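Participant: Below you will find the structure I want to go over with you.
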Amino acid sequence: MSKRYFNDLLSFVTVARAGTFTRAAAQLGVTQSALSQSVSGLEARLQIRLLTRTTRSVSPTAAGERLLSTIGSLFDEIQAELDELSAMHDRPTGTVRITCGDHVQRTLLMPKLTPLLLKYPEIKVEFDINYGFRDIVADRFDAGVRLGDTIDKDMIAVPIGPKMRMAVVASQAYFATHPKPKTPRDLVDHNCINIRMQSGGGLHVWDFQHKEEQVKVRVDGQLIFNTSPNIVDAALTGLGVAWLPEEEFAPHIDEGRLVRVLEEWCSPFPGYYLYYPSRRQPSPAFSLVLDALRAE
């Protein structure tokens with residue numbers, strides 16, 4: 001349908017409901033002459049009269065009544081939706097869908113979003129716990145959370161947390177029967193708890209840096225997981241050496257349940273970022289979520 005056809009239909013509906021061209025013209029903010037030409041043009045294209053005109057008023061013909069009953073409610077729905085969208089500036093509503101890992105969801109996103117959700121009860125946040133590299137456009141997510149060095153260039157990335165470091169740990173019981181590694185290369189002789197990457201399906205390569213030297217190690221072991229809580233639990237049980245962001249192990253290291261090694265080989269790197277498509281027009285709800293998550 002052409003824009004002209006749409007405008008003529010709106011003109012007809014307004015005149016039919018107002019009962020006069022004078023009132024209808026005032027409602028639409030146009031001249032009576034322009035409004036009359038619009039309705040006459042519609043009647044000419046349909047080749048049927050829609051309005052009965054008198055010197056004082058107009059009323060729909062039988063065909064006009066049929067058309068009014070069919071399309072009048074559609075214009076009402078459009079106007080109601082536009083009014084609702086306008087109201088969202090004062091009353092943000094809607095669902096924001098975010099894909100992320102479970103640890104960042106628990107320790108970073110929820111603490112920052114809780115005050116927002118309490119203040120705006122009509123905002124909903126749906127979390128998709130996933131360690132793979134999801135296509136947030138194809139999967140209809142509003143945003144995702146990744147480490148800063150793994151985000152595609154066509155995305156807008158906003159830092160939501162501080163820099164991070166990895167940590168290599170094992171339990172006291174494990175190191176009672178295995179020598180502590182002195183360099184990352186020593187890990188090939190240990191029972192390491194591996195991480196399966198959901199996106200590519202391969203095992204994660206453990207990455208280290210000390211000053212200018214970089215070392216990548218493909219470790220081996222009895223256990224492979226694709227979620228961090230299972231890795232932490234296995235390390236606590238004494239089933240091997242684990243490698244994750246240090247905050248995953250922090251309370252267990254502080255309380256002596258896990259022993260950290262190779263700390264000098266774990267250099268800081270960019271932390272978590274919220275990312276979303278550069279072409280995306282943020283909704284008021286998403287803008288509030290973004291502001292709440294931004295790193296201070």
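Residues in the structure tokens are named by chain (A, B, ... in the order shown) and by number from 1 within that chain; ligands are numbered from 1 in the order shown.
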For stretch 209-219 of chain A, please output as a PDB file with C-alpha atoms, in the first residue's frame all residues within 9 Å (counting only C-alpha atoms; exclusion window: fewer than 6 positions along the same chain).
Facilitator:
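Here's the written file out-v2.pdb:
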```pdb
ATOM      1  CA  PRO A 184      53.274 -23.353  32.531  1.00  0.00           C
ATOM      2  CA  ARG A 185      54.995 -26.085  30.531  1.00  0.00           C
ATOM      3  CA  LEU A 187      51.296 -28.521  33.439  1.00  0.00           C
ATOM      4  CA  VAL A 188      51.602 -31.189  30.715  1.00  0.00           C
ATOM      5  CA  ASP A 189      52.697 -33.587  33.481  1.00  0.00           C
ATOM      6  CA  HIS A 190      49.620 -32.845  35.628  1.00  0.00           C
ATOM      7  CA  ASN A 191      46.046 -34.098  35.743  1.00  0.00           C
ATOM      8  CA  CYS A 192      44.352 -30.918  34.512  1.00  0.00           C
ATOM      9  CA  ILE A 193      40.631 -30.200  34.491  1.00  0.00           C
ATOM     10  CA  ASN A 194      39.815 -29.214  30.922  1.00  0.00           C
ATOM     11  CA  LEU A 203      39.312 -27.827  24.406  1.00  0.00           C
ATOM     12  CA  GLU A 264      53.482 -14.509  38.100  1.00  0.00           C
ATOM     13  CA  TRP A 265      52.439 -16.008  34.748  1.00  0.00           C
ATOM     14  CA  CYS A 266      48.875 -14.690  34.996  1.00  0.00           C
ATOM     15  CA  SER A 267      48.880 -11.125  33.649  1.00  0.00           C
TER      16      SER A 267
END
```
Participant: Please identify which residues in stretch 13-241 of chain A DSSP calls helix (DSSP H, G or I) from the backbone, and express them as an NGL selection string.
Facilitator: :A and (13-18 or 21-28 or 32-46 or 62-87 or 102-119 or 148-150 or 172-177 or 184-189 or 228-237)
Participant: Set the distance at 7 Å and use only C-alpha atoms: which residues neighbour stretch 235-245 of chain A once local chain neighbours fewer than 2 positions away are removed? I'd like the list as a PyMOL selection string.
Facilitator: chain A and resi 164-171+173-174+191-193+231-233+247-248+257-258
Participant: Take the selection from the previous step and output its residues with N, CA, C and O atoms, as a PDB file, in the first residue's frame.
Facilitator:
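Dumped to part_5.pdb:
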```pdb
ATOM      1  N   MET A 164      40.836  -8.404  34.587  1.00  0.00           N
ATOM      2  CA  MET A 164      40.796  -9.703  35.241  1.00  0.00           C
ATOM      3  C   MET A 164      42.151 -10.395  35.120  1.00  0.00           C
ATOM      4  O   MET A 164      43.006  -9.995  34.321  1.00  0.00           O
ATOM      5  N   ARG A 165      42.316 -11.450  35.908  1.00  0.00           N
ATOM      6  CA  ARG A 165      43.485 -12.327  35.806  1.00  0.00           C
ATOM      7  C   ARG A 165      43.006 -13.768  35.918  1.00  0.00           C
ATOM      8  O   ARG A 165      42.006 -14.055  36.584  1.00  0.00           O
ATOM      9  N   MET A 166      43.713 -14.650  35.250  1.00  0.00           N
ATOM     10  CA  MET A 166      43.434 -16.066  35.406  1.00  0.00           C
ATOM     11  C   MET A 166      44.178 -16.581  36.638  1.00  0.00           C
ATOM     12  O   MET A 166      45.113 -15.941  37.140  1.00  0.00           O
ATOM     13  N   ALA A 167      43.774 -17.750  37.125  1.00  0.00           N
ATOM     14  CA  ALA A 167      44.443 -18.377  38.265  1.00  0.00           C
ATOM     15  C   ALA A 167      44.538 -19.878  38.020  1.00  0.00           C
ATOM     16  O   ALA A 167      43.597 -20.496  37.496  1.00  0.00           O
ATOM     17  N   VAL A 168      45.679 -20.444  38.391  1.00  0.00           N
ATOM     18  CA  VAL A 168      45.896 -21.897  38.332  1.00  0.00           C
ATOM     19  C   VAL A 168      45.897 -22.408  39.766  1.00  0.00           C
ATOM     20  O   VAL A 168      46.674 -21.939  40.603  1.00  0.00           O
ATOM     21  N   VAL A 169      45.031 -23.364  40.060  1.00  0.00           N
ATOM     22  CA  VAL A 169      44.877 -23.825  41.446  1.00  0.00           C
ATOM     23  C   VAL A 169      44.719 -25.341  41.488  1.00  0.00           C
ATOM     24  O   VAL A 169      44.387 -25.987  40.490  1.00  0.00           O
ATOM     25  N   ALA A 170      44.934 -25.868  42.668  1.00  0.00           N
ATOM     26  CA  ALA A 170      44.595 -27.256  42.988  1.00  0.00           C
ATOM     27  C   ALA A 170      44.448 -27.328  44.502  1.00  0.00           C
ATOM     28  O   ALA A 170      44.813 -26.399  45.237  1.00  0.00           O
ATOM     29  N   SER A 171      43.919 -28.437  44.974  1.00  0.00           N
ATOM     30  CA  SER A 171      43.704 -28.588  46.414  1.00  0.00           C
ATOM     31  C   SER A 171      45.011 -28.945  47.126  1.00  0.00           C
ATOM     32  O   SER A 171      45.996 -29.368  46.503  1.00  0.00           O
ATOM     33  N   ALA A 173      45.342 -31.487  48.996  1.00  0.00           N
ATOM     34  CA  ALA A 173      45.503 -32.938  48.848  1.00  0.00           C
ATOM     35  C   ALA A 173      46.173 -33.287  47.522  1.00  0.00           C
ATOM     36  O   ALA A 173      47.017 -34.187  47.450  1.00  0.00           O
ATOM     37  N   TYR A 174      45.805 -32.560  46.440  1.00  0.00           N
ATOM     38  CA  TYR A 174      46.417 -32.842  45.139  1.00  0.00           C
ATOM     39  C   TYR A 174      47.911 -32.545  45.175  1.00  0.00           C
ATOM     40  O   TYR A 174      48.739 -33.361  44.726  1.00  0.00           O
ATOM     41  N   ASN A 191      47.437 -33.735  36.035  1.00  0.00           N
ATOM     42  CA  ASN A 191      46.046 -34.098  35.743  1.00  0.00           C
ATOM     43  C   ASN A 191      45.234 -32.809  35.768  1.00  0.00           C
ATOM     44  O   ASN A 191      44.832 -32.327  36.831  1.00  0.00           O
ATOM     45  N   CYS A 192      45.010 -32.218  34.606  1.00  0.00           N
ATOM     46  CA  CYS A 192      44.352 -30.918  34.512  1.00  0.00           C
ATOM     47  C   CYS A 192      42.869 -31.063  34.179  1.00  0.00           C
ATOM     48  O   CYS A 192      42.477 -31.963  33.423  1.00  0.00           O
ATOM     49  N   ILE A 193      42.081 -30.193  34.723  1.00  0.00           N
ATOM     50  CA  ILE A 193      40.631 -30.200  34.491  1.00  0.00           C
ATOM     51  C   ILE A 193      40.357 -29.320  33.280  1.00  0.00           C
ATOM     52  O   ILE A 193      40.499 -28.097  33.339  1.00  0.00           O
ATOM     53  N   ILE A 231      34.034 -27.135  37.401  1.00  0.00           N
ATOM     54  CA  ILE A 231      35.497 -27.115  37.458  1.00  0.00           C
ATOM     55  C   ILE A 231      35.962 -26.771  38.867  1.00  0.00           C
ATOM     56  O   ILE A 231      36.884 -27.392  39.407  1.00  0.00           O
ATOM     57  N   VAL A 232      35.331 -25.777  39.472  1.00  0.00           N
ATOM     58  CA  VAL A 232      35.677 -25.389  40.844  1.00  0.00           C
ATOM     59  C   VAL A 232      35.451 -26.556  41.799  1.00  0.00           C
ATOM     60  O   VAL A 232      36.306 -26.874  42.641  1.00  0.00           O
ATOM     61  N   ASP A 233      34.318 -27.220  41.679  1.00  0.00           N
ATOM     62  CA  ASP A 233      34.002 -28.345  42.569  1.00  0.00           C
ATOM     63  C   ASP A 233      35.014 -29.477  42.410  1.00  0.00           C
ATOM     64  O   ASP A 233      35.439 -30.093  43.396  1.00  0.00           O
ATOM     65  N   GLU A 247      38.651 -14.747  40.278  1.00  0.00           N
ATOM     66  CA  GLU A 247      37.504 -14.499  41.143  1.00  0.00           C
ATOM     67  C   GLU A 247      36.659 -15.751  41.361  1.00  0.00           C
ATOM     68  O   GLU A 247      35.958 -15.857  42.364  1.00  0.00           O
ATOM     69  N   GLU A 248      36.753 -16.711  40.427  1.00  0.00           N
ATOM     70  CA  GLU A 248      36.018 -17.965  40.602  1.00  0.00           C
ATOM     71  C   GLU A 248      36.552 -18.739  41.810  1.00  0.00           C
ATOM     72  O   GLU A 248      35.814 -19.442  42.500  1.00  0.00           O
ATOM     73  N   ARG A 257      41.426 -23.652  51.010  1.00  0.00           N
ATOM     74  CA  ARG A 257      40.938 -24.902  50.411  1.00  0.00           C
ATOM     75  C   ARG A 257      41.610 -25.182  49.066  1.00  0.00           C
ATOM     76  O   ARG A 257      41.677 -26.318  48.633  1.00  0.00           O
ATOM     77  N   LEU A 258      42.051 -24.106  48.398  1.00  0.00           N
ATOM     78  CA  LEU A 258      42.774 -24.248  47.131  1.00  0.00           C
ATOM     79  C   LEU A 258      44.104 -23.503  47.220  1.00  0.00           C
ATOM     80  O   LEU A 258      44.204 -22.462  47.876  1.00  0.00           O
TER      81      LEU A 258
END
```
Participant: Hey, can you check how far atom CA of A:Phe12 sits from atom CA of A:Val39?
Facilitator: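 For atom CA of A:Phe12 relative to atom CA of A:Val39, the distance reads 5.7 Å.
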Participant: Determine which residues of stretch 68-270 of chain A DSSP labels as strand (DSSP E or B) from the backbone of this structure, then write them out as a PyMOL selection string.
Facilitator: chain A and resi 94-100+123-129+143-147+155-159+164+166-171+192+194-196+203+206-210+213-217+224-225+241-245+258-261+269
Participant: Would you kindly return, as a ChimeraX atom specification, each protein, DNA or RNA residue with an atom no farther than 8 Å from any atom of stretch 137-147 of chain A, considering only C-alpha atoms and excluding same-chain residues fewer than 2 positions away?
Facilitator: /A:96-101,134-135,149-151,270-277,286
